[in-house]
>>> print(open('data.txt').read())   # compact mmCIF, C-alpha atoms
# COMPACT_ATOMS: atom_id res chain seq x y z
CA MET A 1 3.45 17.85 -20.15
CA CYS A 2 6.48 17.03 -17.98
CA GLN A 3 7.69 13.95 -16.16
CA CYS A 4 9.13 14.18 -12.66
CA TYR A 5 11.31 11.55 -11.02
CA SER A 6 11.74 11.40 -7.26
CA ARG A 7 15.26 10.21 -6.46
CA VAL A 8 14.14 9.58 -2.88
CA LEU A 9 10.96 7.61 -3.61
CA ARG A 10 12.32 6.26 -6.93
CA LYS A 11 9.08 6.94 -8.79
CA TRP A 12 8.12 8.79 -11.97
CA PHE A 13 4.95 10.88 -12.00
CA CYS A 14 3.29 13.46 -14.26
CA CYS A 15 3.89 17.05 -13.21
CA ASP A 16 3.40 20.63 -14.31
CA CYS A 17 6.26 22.08 -16.37
CA LEU A 18 6.52 25.54 -14.81
CA THR A 19 4.79 25.58 -11.44
CA GLY A 20 5.00 23.67 -8.18
CA PRO A 21 2.07 21.94 -6.48
CA CYS A 22 2.04 23.71 -3.04
CA PHE A 23 -0.67 21.78 -1.09
CA PRO A 24 -2.24 18.37 -1.82
CA GLY A 25 -6.00 17.90 -1.93
CA THR A 26 -6.01 16.25 1.50
CA ALA A 27 -4.29 19.17 3.28
CA THR A 28 -6.76 20.94 5.55
CA ALA A 29 -7.64 24.56 6.18
CA VAL A 30 -9.72 25.71 9.15
CA VAL A 31 -13.06 27.17 8.01
CA TYR A 32 -15.23 29.35 10.28
CA PRO A 33 -16.27 28.60 12.97
CA GLY A 34 -13.49 26.03 13.32
CA LYS A 35 -14.15 23.12 10.97
CA GLY A 36 -11.30 21.39 9.16
CA VAL A 37 -11.93 21.36 5.39
CA ALA A 38 -9.75 19.58 2.83
CA MET A 39 -8.22 21.69 0.07
CA HIS A 40 -10.17 19.82 -2.60
CA SER A 41 -13.42 20.95 -0.90
CA LEU A 42 -12.38 24.52 -0.06
CA GLN A 43 -14.23 27.22 -2.01
CA PRO A 44 -13.67 30.93 -2.74
CA GLY A 45 -15.66 32.91 -0.21
CA ASP A 46 -14.98 30.48 2.65
CA ARG A 47 -13.67 32.20 5.77
CA VAL A 48 -10.45 30.51 6.84
CA LEU A 49 -8.06 30.84 9.75
CA ALA A 50 -5.00 33.00 9.05
CA VAL A 51 -2.56 35.24 10.91
CA ASP A 52 -2.70 39.03 11.00
CA PRO A 53 0.75 39.98 9.64
CA THR A 54 0.82 43.19 11.69
CA GLY A 55 0.26 41.66 15.11
CA GLY A 56 0.56 37.91 14.86
CA ASN A 57 -3.01 37.22 16.00
CA LEU A 58 -5.26 34.54 14.56
CA ILE A 59 -8.03 35.99 12.39
CA TRP A 60 -10.77 34.83 10.03
CA THR A 61 -10.29 35.92 6.44
CA ARG A 62 -11.96 35.15 3.13
CA VAL A 63 -10.53 32.92 0.40
CA LEU A 64 -10.47 35.34 -2.53
CA ALA A 65 -9.53 32.87 -5.27
CA PHE A 66 -7.15 30.03 -6.02
CA LEU A 67 -3.73 30.88 -7.42
CA ASP A 68 -3.58 27.28 -8.59
CA ARG A 69 -6.09 24.45 -8.53
CA ARG A 70 -5.22 21.13 -10.18
CA PRO A 71 -7.25 18.33 -8.55
CA GLU A 72 -5.74 15.53 -10.66
CA GLU A 73 -2.08 16.57 -10.38
CA LEU A 74 0.32 14.07 -8.82
CA ALA A 75 3.27 15.58 -6.99
CA GLU A 76 5.88 14.96 -4.34
CA TYR A 77 5.19 16.60 -0.98
CA LEU A 78 7.12 17.08 2.22
CA HIS A 79 5.43 16.28 5.54
CA LEU A 80 6.85 18.49 8.29
CA GLU A 81 5.91 16.93 11.63
CA THR A 82 6.33 18.91 14.85
CA ASP A 83 6.44 18.23 18.57
CA LEU A 84 2.90 19.66 18.82
CA HIS A 85 1.66 16.81 16.62
CA THR A 86 1.04 18.93 13.53
CA SER A 87 2.00 17.52 10.14
CA LEU A 88 2.09 19.99 7.26
CA ALA A 89 1.95 18.58 3.72
CA VAL A 90 3.63 21.08 1.40
CA SER A 91 5.75 21.12 -1.75
CA ALA A 92 9.46 21.90 -1.61
CA ASN A 93 9.08 25.20 -3.47
CA HIS A 94 6.32 26.56 -1.25
CA VAL A 95 7.09 29.43 1.12
CA LEU A 96 6.65 29.13 4.88
CA LEU A 97 6.63 32.03 7.32
CA THR A 98 8.91 30.87 10.12
CA PRO A 99 10.20 32.40 13.37
CA GLY A 100 13.35 34.51 13.19
CA ASP A 101 16.89 33.29 13.76
CA ASP A 102 16.67 33.69 17.54
CA ALA A 103 13.76 31.26 17.79
CA ASN A 104 15.46 28.72 15.54
CA ASN A 105 18.82 28.93 17.27
CA ASN A 106 17.87 29.06 20.94
CA GLY A 107 18.09 25.31 21.41
CA SER A 108 14.62 25.09 22.91
CA THR A 109 12.89 21.75 22.54
CA SER A 110 9.40 22.77 23.67
CA ALA A 111 6.70 24.92 22.13
CA SER A 112 6.77 28.60 23.01
CA SER A 113 4.35 31.48 22.49
CA CYS A 114 4.75 33.84 19.57
CA GLN A 115 5.75 37.25 20.92
CA GLY A 116 4.91 39.78 18.20
CA PHE A 117 5.21 38.52 14.65
CA GLY A 118 8.67 38.75 13.21
CA TYR A 119 8.96 36.15 10.48
CA GLN A 120 11.32 34.82 7.85
CA SER A 121 10.31 33.81 4.34
CA ARG A 122 11.74 30.35 3.70
CA PHE A 123 11.22 27.55 1.21
CA ALA A 124 9.88 24.34 2.71
CA ALA A 125 12.88 22.52 1.21
CA ASP A 126 15.18 24.58 3.46
CA ILE A 127 13.52 23.51 6.71
CA ARG A 128 15.47 20.99 8.79
CA PRO A 129 14.61 18.94 11.91
CA GLY A 130 15.21 21.02 15.01
CA GLU A 131 14.01 24.26 13.41
CA ARG A 132 10.73 25.87 14.38
CA LEU A 133 7.45 26.70 12.65
CA PHE A 134 4.46 28.81 13.63
CA VAL A 135 1.44 26.66 14.55
CA ALA A 136 -2.10 27.45 15.65
CA SER A 137 -3.12 26.18 19.06
CA GLY A 138 -6.51 27.22 20.40
CA ASN A 139 -6.68 31.00 20.05
CA SER A 140 -2.91 31.46 20.02
CA VAL A 141 0.01 31.23 17.63
CA LEU A 142 2.85 29.13 19.06
CA THR A 143 6.19 27.98 17.74
CA ALA A 144 6.85 24.26 17.51
CA GLU A 145 9.94 22.24 16.69
CA VAL A 146 10.13 20.18 13.52
CA ARG A 147 10.87 16.60 14.55
CA THR A 148 10.70 14.63 11.30
CA ILE A 149 10.41 15.30 7.57
CA LYS A 150 8.92 12.68 5.26
CA ARG A 151 8.25 12.61 1.52
CA THR A 152 5.20 11.24 -0.27
CA ILE A 153 3.55 11.45 -3.68
CA GLU A 154 -0.02 12.68 -3.35
CA LYS A 155 -2.89 13.86 -5.51
CA GLY A 156 -3.96 17.45 -5.99
CA ALA A 157 -2.26 20.86 -6.20
CA PHE A 158 -4.03 23.76 -4.49
CA VAL A 159 -3.06 27.32 -3.54
CA PRO A 160 -5.79 29.45 -1.92
CA LEU A 161 -5.26 33.22 -1.84
CA THR A 162 -6.20 35.46 1.10
CA ALA A 163 -5.83 39.22 1.53
CA GLU A 164 -3.23 38.61 4.26
CA GLY A 165 -1.16 36.37 1.99
CA ASN A 166 -1.18 33.49 4.47
CA LEU A 167 -3.40 30.87 6.08
CA ILE A 168 -3.26 27.98 8.52
CA VAL A 169 -2.81 24.65 6.72
CA ASP A 170 -2.65 21.37 8.65
CA GLY A 171 -2.35 23.46 11.81
CA THR A 172 0.75 25.29 10.54
CA LEU A 173 1.19 28.83 9.23
CA ALA A 174 2.00 28.89 5.51
CA SER A 175 2.32 31.61 2.91
CA CYS A 176 -0.09 31.68 -0.01
CA TYR A 177 2.91 31.85 -2.33
CA ALA A 178 5.61 29.64 -3.78
CA THR A 179 8.85 29.90 -5.75
CA PHE A 180 9.61 33.53 -4.75
CA HIS A 181 10.14 35.42 -1.48
CA HIS A 182 6.86 35.99 0.39
CA ASP A 183 7.13 39.79 0.53
CA TRP A 184 7.96 40.06 -3.19
CA SER A 185 5.03 37.82 -4.08
CA HIS A 186 2.59 39.65 -1.81
CA MET A 187 3.61 43.00 -3.27
CA ALA A 188 3.13 41.67 -6.81
CA LEU A 189 -0.28 40.23 -5.90
CA ARG A 190 -1.62 43.36 -4.17
CA PRO A 191 -3.24 44.73 -7.36
CA LEU A 192 -4.96 41.39 -7.93
CA ILE A 193 -6.13 41.22 -4.30
CA SER A 194 -7.62 44.73 -4.55
CA VAL A 195 -9.38 43.92 -7.82
CA VAL A 196 -10.83 40.64 -6.54
CA GLN A 197 -12.07 42.28 -3.33
CA GLN A 198 -13.90 45.01 -5.28
CA TRP A 199 -14.84 43.30 -8.55
CA PRO A 200 -18.57 42.37 -8.78
CA ALA A 201 -17.91 39.60 -11.30
CA SER A 202 -18.83 35.92 -11.29
CA GLN A 203 -16.49 33.58 -9.46
CA HIS A 204 -15.68 31.84 -12.74
CA THR A 205 -14.52 35.13 -14.28
CA VAL A 206 -12.53 36.07 -11.18
CA GLN A 207 -10.83 32.67 -11.12
CA ALA A 208 -9.97 32.83 -14.82
CA PHE A 209 -8.50 36.31 -14.47
CA THR A 210 -6.54 35.21 -11.38
CA GLY A 211 -5.02 32.27 -13.23
CA HIS A 212 -3.84 34.42 -16.13
CA TYR A 213 -2.48 37.13 -13.82
CA VAL A 214 -0.48 34.60 -11.81
CA SER A 215 0.82 32.84 -14.93
CA PHE A 216 2.16 36.11 -16.27
CA LEU A 217 3.76 37.03 -12.93
CA LYS A 218 5.52 33.67 -12.70
CA TRP A 219 6.83 33.98 -16.22
CA ALA A 220 8.01 37.55 -15.58
CA GLY A 221 9.55 36.54 -12.26
CA ASN A 222 11.51 33.71 -13.83
CA VAL A 223 12.92 36.18 -16.36
CA LEU A 224 13.54 39.19 -14.09
CA LEU A 225 14.38 37.54 -10.75
CA PRO A 226 16.28 34.34 -11.57
CA GLU A 227 17.98 34.24 -8.16
CA GLY A 228 14.75 34.72 -6.21
CA ARG A 229 13.19 31.38 -7.03
CA LEU A 230 13.78 27.81 -5.99
CA LYS A 231 15.71 26.17 -8.80
CA PHE A 232 15.12 22.51 -9.52
CA GLY A 233 18.38 20.66 -9.12
CA ASP A 234 20.03 23.02 -6.63
CA LYS A 235 21.04 22.10 -3.09
CA ARG A 236 17.63 23.05 -1.66
CA ASN A 237 15.69 20.68 -3.88
CA THR A 238 14.24 17.48 -2.45
CA GLY A 239 15.67 15.31 -5.19
CA VAL A 240 13.02 15.71 -7.88
CA LEU A 241 14.31 15.61 -11.43
CA LYS A 242 12.00 17.36 -13.92
CA THR A 243 12.09 16.70 -17.66
CA ILE A 244 10.02 18.26 -20.46
CA SER A 245 8.50 15.87 -22.96
CA PRO A 246 10.05 16.03 -26.47
CA GLU A 247 6.95 17.55 -28.05
CA THR A 248 6.96 20.50 -25.63
CA SER A 249 9.68 23.10 -26.18
CA PRO A 250 10.55 25.91 -23.74
CA LEU A 251 9.42 28.40 -26.39
CA ASP A 252 6.03 26.70 -26.44
CA LEU A 253 5.75 27.21 -22.69
CA VAL A 254 6.63 30.90 -22.92
CA ASP A 255 4.24 31.31 -25.85
CA SER A 256 1.41 29.72 -23.88
CA TYR A 257 2.00 32.15 -21.00
CA ALA A 258 1.90 35.11 -23.40
CA LYS A 259 -1.35 33.84 -24.92
CA LYS A 260 -2.92 33.39 -21.49
CA CYS A 261 -2.05 36.96 -20.57
CA PHE A 262 -3.42 38.28 -23.89
CA PHE A 263 -6.73 36.42 -23.58
CA SER A 264 -6.99 37.50 -19.93
CA ILE A 265 -6.94 41.13 -21.03
CA LEU A 266 -9.54 40.49 -23.74
CA THR A 267 -11.95 38.61 -21.48
CA SER A 268 -11.69 41.02 -18.57
CA VAL A 269 -12.51 44.20 -20.49
>>> encode(input="data.txt", output="structure tokens")
Amino acid sequence: MCQCYSRVLRKWFCCDCLTGPCFPGTATAVVYPGKGVAMHSLQPGDRVLAVDPTGGNLIWTRVLAFLDRRPEELAEYLHLETDLHTSLAVSANHVLLTPGDDANNNGSTSASSCQGFGYQSRFAADIRPGERLFVASGNSVLTAEVRTIKRTIEKGAFVPLTAEGNLIVDGTLASCYATFHHDWSHMALRPLISVVQQWPASQHTVQAFTGHYVSFLKWAGNVLLPEGRLKFGDKRNTGVLKTISPETSPLDLVDSYAKKCFFSILTSV
């Protein structure tokens, strides 16, 4: 168990020691044929609105599993509000797929259509007012300017996984991944996506296997790619100080990850 302190909100709250929260339970996905559903009610198998990474078109895709699902977690979230009246609730370490440099540096103050789909992988903590995000509007993907950024502490930590590696959350395009670059994460998750799409197992088994697979990848990524992740305390952080309780040592955390991976292999055979 860890304790987090928000220097901005001046509050302590319980938090996970190794992973970020991503989306709160009240964040909404768009479920076919167009109904807004809160993350805490979203289920594997639901068809949600996402973006085709090859062409930039809106598509319906299935939620394969949850990379993380902690309904009782309290965490600090950013609210990125745009000039198209969208307000995305997302954690600082979550990855957003944003327009390229030209779109963010052209000085435009109004929404514009997405021509093609060139994107950048950026942490939410790096986004500043005046920069642009991809948003869903009707049957189109537009770009909208971020006007304000607020911080709140909210309940729930959810990360749905789709085959495309993205989905529309609170009207805004977001990656399914956090902590590492989107393309790296999607490449690492491709084997899992293929298995989940083809595996005729119960949803409980699929979800358990997914959790262990992701835990191992995060542990391996922290060891092998130390510069690829969002580090707590660096200039991109939102001001959250994380401390590990005295009874929990870093070796205990690594050991728990190793055990999860081991039991995942045993239970999936």
>>> closest_residue(input="data.txt", among="A:Ser41, A:Gly130, A:Glu72, A:Leu167", to="Trp60 (chain A)", atoms="only C-alpha atoms")
A:Leu167
>>> closest_residue(input="data.txt", among="A:Ser121, A:Thr26, A:Gln207, A:Thr86", to="Cys176 (chain A)", atoms="only C-alpha atoms")
A:Ser121
>>> atom_distance(input="data.txt", atom1="CA of Ser91 (chain A)", atom2="CA of Glu76 (chain A)")
6.7 Å
>>> atom_distance(input="data.txt", atom1="CA of Glu131 (chain A)", atom2="CA of Glu73 (chain A)")
29.7 Å
>>> axis_aligned_box(input="data.txt", around="region 179-190 of chain A", padding_each_side="5 Å", output="AutoDock Vina command-line options")
--center_x 4.3 --center_y 36.6 --center_z -3.1 --size_x 21.8 --size_y 23.5 --size_z 17.3
>>> closest_residue(input="data.txt", among="A:Trp219, A:Trp199, A:Tyr213, A:Tyr32", to="Thr179 (chain A)", atoms="only C-alpha atoms")
A:Trp219
>>> atom_distance(input="data.txt", atom1="CA of Arg147 (chain A)", atom2="CA of Pro71 (chain A)")
29.4 Å
>>> closest_atom_pairs(input="data.txt", of="region 93-184 of chain A", to="region 62-67 of chain A", cutoff="8 Å", atoms="all atoms listed in the file", output="CSV")
residue,atom,partner,partner_atom,distance
A:Phe158,CA,A:Phe66,CA,7.2
A:Val159,CA,A:Leu67,CA,5.3
A:Pro160,CA,A:Phe66,CA,4.4
A:Leu161,CA,A:Ala65,CA,5.5
A:Thr162,CA,A:Val63,CA,5.1
A:Ala163,CA,A:Leu64,CA,7.3
>>> closest_residue(input="data.txt", among="A:Phe209, A:Ser175, A:Ala157, A:Ser137", to="Val195 (chain A)", atoms="all atoms listed in the file")
A:Phe209
>>> residues_around(input="data.txt", residues="Val90 (chain A)", least_positions_apart="5", cutoff="9 Å", atoms="all atoms listed in the file", output="ChimeraX atom specification")
/A:21-24,27,76-80,124,174
>>> closest_residue(input="data.txt", among="A:Asn93, A:Gln120, A:Thr148, A:Asn166", to="Leu49 (chain A)", atoms="all atoms listed in the file")
A:Asn166
>>> closest_residue(input="data.txt", among="A:Leu189, A:Asp68, A:His40, A:Val51", to="Gly211 (chain A)", atoms="only C-alpha atoms")
A:Asp68
>>> residues_around(input="data.txt", residues="Phe123 (chain A)", least_positions_apart="3", cutoff="7 Å", atoms="all atoms listed in the file", output="short mmCIF file (atom, residue, chain, number, x, y, z; two decimals) with C-alpha atoms, keeping the file's coordinate frame")
data_model
loop_
_atom_site.label_atom_id
_atom_site.label_comp_id
_atom_site.auth_asym_id
_atom_site.auth_seq_id
_atom_site.Cartn_x
_atom_site.Cartn_y
_atom_site.Cartn_z
CA ALA A 92 9.46 21.90 -1.61
CA ASN A 93 9.08 25.20 -3.47
CA HIS A 94 6.32 26.56 -1.25
CA VAL A 95 7.09 29.43 1.12
CA LEU A 96 6.65 29.13 4.88
CA ASP A 126 15.18 24.58 3.46
#
>>> residues_around(input="data.txt", residues="His186 (chain A)", least_positions_apart="3", cutoff="9 Å", atoms="only C-alpha atoms", output="list in words")
Glu164, Gly165, Cys176, Tyr177, His181, His182, Asp183, Leu189 and Arg190 of chain A
